[in-house]
Amino acid sequence: MKPGDELPVLGIPVTRTLIIAGALATRDFTDVHHDPEAARAKGAPDIFMNILTTQGLVSRFLAERLGPGARLRKLSIRLGVPNYPEDTLHMAGSITSVSEASEGERVVEVAITGTNSLGRHVTGTVVVNITSVASEEAGA
């Protein structure tokens, strides 16, 4: 893993269930995340994803791409266009820096982008500590 390496893109279907379940799981009961009529009354064409669900999807993307030794250290994201039902969120990432934190542990910074049919839904930078699985098993 080195700066400039691209992480494989992850396509996540944005379903009505994902949007509603994400809002409920994060205790965000704002009506625009589960009630289509309320969302339309407030100017949106349909319900849309909340930021905490987006944060969870960014974390999922990194965990799946960086492996079981990855631990999220810092997450800094900015939302763009909404995520509406019946779309796909395409998460992508690029390694921007890698440094040694200690023996068997690296600190990796990743620039992430999540796009859908409307454009960029999320952009940001994530810092992850990565411990090799062999190091974790030796310490156990």
# chains A, B, ... in the order shown; residues from 1 in each chain; ligands from 1
$ select_by_dssp --residues "range 8-132 of chain A" --states "helix (DSSP H, G or I)" --output "ChimeraX atom specification"
/A:16-25,31-33,36-41,51-66
$ select_by_dssp --residues "chain A" --states "strand (DSSP E or B)" --output "MDAnalysis selection string"
chainID A and resid 6:14 70:79 87:102 105:116 119:131
$ residues_around --residues "Thr113 in chain A" --least-positions-apart "6" --cutoff "10 Å" --atoms "only C-alpha atoms" --output "list of chain:residue names"
A:Val9, A:Val58, A:Ile77, A:Arg78, A:Leu89, A:His90, A:Met91, A:Ala92, A:Gly93, A:Ser94, A:Arg120, A:His121, A:Val122, A:Thr123, A:Gly124, A:Thr125
$ write_last_selection --atoms "C-alpha atoms" --output "CSV table (one decimal), in the first residue's frame"
chain,number,residue,atom,x,y,z
A,9,VAL,CA,-14.9,0.9,-6.2
A,58,VAL,CA,-17.8,5.3,4.3
A,77,ILE,CA,-16.6,14.3,5.2
A,78,ARG,CA,-18.6,16.8,3.4
A,89,LEU,CA,-23.7,5.1,-4.4
A,90,HIS,CA,-20.3,4.4,-5.9
A,91,MET,CA,-17.6,4.7,-3.2
A,92,ALA,CA,-14.0,5.2,-4.3
A,93,GLY,CA,-10.8,6.0,-2.5
A,94,SER,CA,-7.2,6.9,-3.1
A,120,ARG,CA,-20.9,13.8,-5.7
A,121,HIS,CA,-22.8,12.7,-2.6
A,122,VAL,CA,-19.8,12.6,-0.2
A,123,THR,CA,-16.1,13.6,-0.3
A,124,GLY,CA,-13.6,13.6,2.5
A,125,THR,CA,-10.5,12.3,4.1
$ decode --residues "range 52-128 of chain A" --atoms "C-alpha atoms" --output "CSV table (one decimal), in the first residue's frame"
chain,number,residue,atom,x,y,z
A,52,LEU,CA,-24.9,9.3,9.8
A,53,THR,CA,-25.9,6.6,7.3
A,54,THR,CA,-23.4,8.1,4.9
A,55,GLN,CA,-20.7,8.0,7.6
A,56,GLY,CA,-21.5,4.3,8.2
A,57,LEU,CA,-21.2,3.5,4.5
A,58,VAL,CA,-17.8,5.3,4.3
A,59,SER,CA,-16.7,3.2,7.2
A,60,ARG,CA,-18.0,0.0,5.6
A,61,PHE,CA,-16.2,0.8,2.3
A,62,LEU,CA,-12.9,1.3,4.2
A,63,ALA,CA,-13.3,-1.9,6.3
A,64,GLU,CA,-14.1,-4.0,3.2
A,65,ARG,CA,-11.2,-2.5,1.2
A,66,LEU,CA,-8.5,-2.3,3.9
A,67,GLY,CA,-9.2,-5.5,5.8
A,68,PRO,CA,-9.8,-6.7,9.4
A,69,GLY,CA,-6.8,-4.8,10.8
A,70,ALA,CA,-8.1,-1.4,9.9
A,71,ARG,CA,-9.3,0.9,12.7
A,72,LEU,CA,-10.9,4.2,11.9
A,73,ARG,CA,-9.0,7.1,13.6
A,74,LYS,CA,-10.4,10.2,12.0
A,75,LEU,CA,-13.3,10.8,9.6
A,76,SER,CA,-13.8,14.2,7.9
A,77,ILE,CA,-16.6,14.3,5.2
A,78,ARG,CA,-18.6,16.8,3.4
A,79,LEU,CA,-22.0,16.0,1.8
A,80,GLY,CA,-22.9,17.1,-1.7
A,81,VAL,CA,-26.0,16.0,-3.6
A,82,PRO,CA,-28.6,13.9,-1.8
A,83,ASN,CA,-28.9,10.1,-1.9
A,84,TYR,CA,-32.4,9.3,-3.1
A,85,PRO,CA,-34.0,5.8,-3.4
A,86,GLU,CA,-33.4,3.7,-6.5
A,87,ASP,CA,-29.9,5.0,-7.1
A,88,THR,CA,-26.4,3.5,-6.5
A,89,LEU,CA,-23.7,5.1,-4.4
A,90,HIS,CA,-20.3,4.4,-5.9
A,91,MET,CA,-17.6,4.7,-3.2
A,92,ALA,CA,-14.0,5.2,-4.3
A,93,GLY,CA,-10.8,6.0,-2.5
A,94,SER,CA,-7.2,6.9,-3.1
A,95,ILE,CA,-4.3,6.4,-0.6
A,96,THR,CA,-2.8,9.9,0.0
A,97,SER,CA,-0.2,8.9,2.6
A,98,VAL,CA,1.2,6.0,4.6
A,99,SER,CA,3.4,6.2,7.6
A,100,GLU,CA,4.7,3.8,10.3
A,101,ALA,CA,3.0,4.4,13.7
A,102,SER,CA,4.8,1.6,15.5
A,103,GLU,CA,6.1,-1.9,14.8
A,104,GLY,CA,3.4,-3.7,12.9
A,105,GLU,CA,1.1,-0.7,12.6
A,106,ARG,CA,0.7,1.9,9.8
A,107,VAL,CA,-1.3,5.1,9.6
A,108,VAL,CA,-3.0,5.4,6.3
A,109,GLU,CA,-4.8,8.5,4.9
A,110,VAL,CA,-7.4,7.9,2.3
A,111,ALA,CA,-9.2,10.5,0.1
A,112,ILE,CA,-12.8,9.2,-0.5
A,113,THR,CA,-15.5,10.1,-2.9
A,114,GLY,CA,-19.0,8.7,-3.2
A,115,THR,CA,-21.0,9.5,-6.3
A,116,ASN,CA,-24.5,8.8,-7.5
A,117,SER,CA,-26.5,9.7,-10.6
A,118,LEU,CA,-26.8,13.3,-9.5
A,119,GLY,CA,-23.0,13.8,-8.8
A,120,ARG,CA,-20.9,13.8,-5.7
A,121,HIS,CA,-22.8,12.7,-2.6
A,122,VAL,CA,-19.8,12.6,-0.2
A,123,THR,CA,-16.1,13.6,-0.3
A,124,GLY,CA,-13.6,13.6,2.5
A,125,THR,CA,-10.5,12.3,4.1
A,126,VAL,CA,-10.2,9.4,6.4
A,127,VAL,CA,-7.3,8.4,8.6
A,128,VAL,CA,-7.0,4.7,9.5
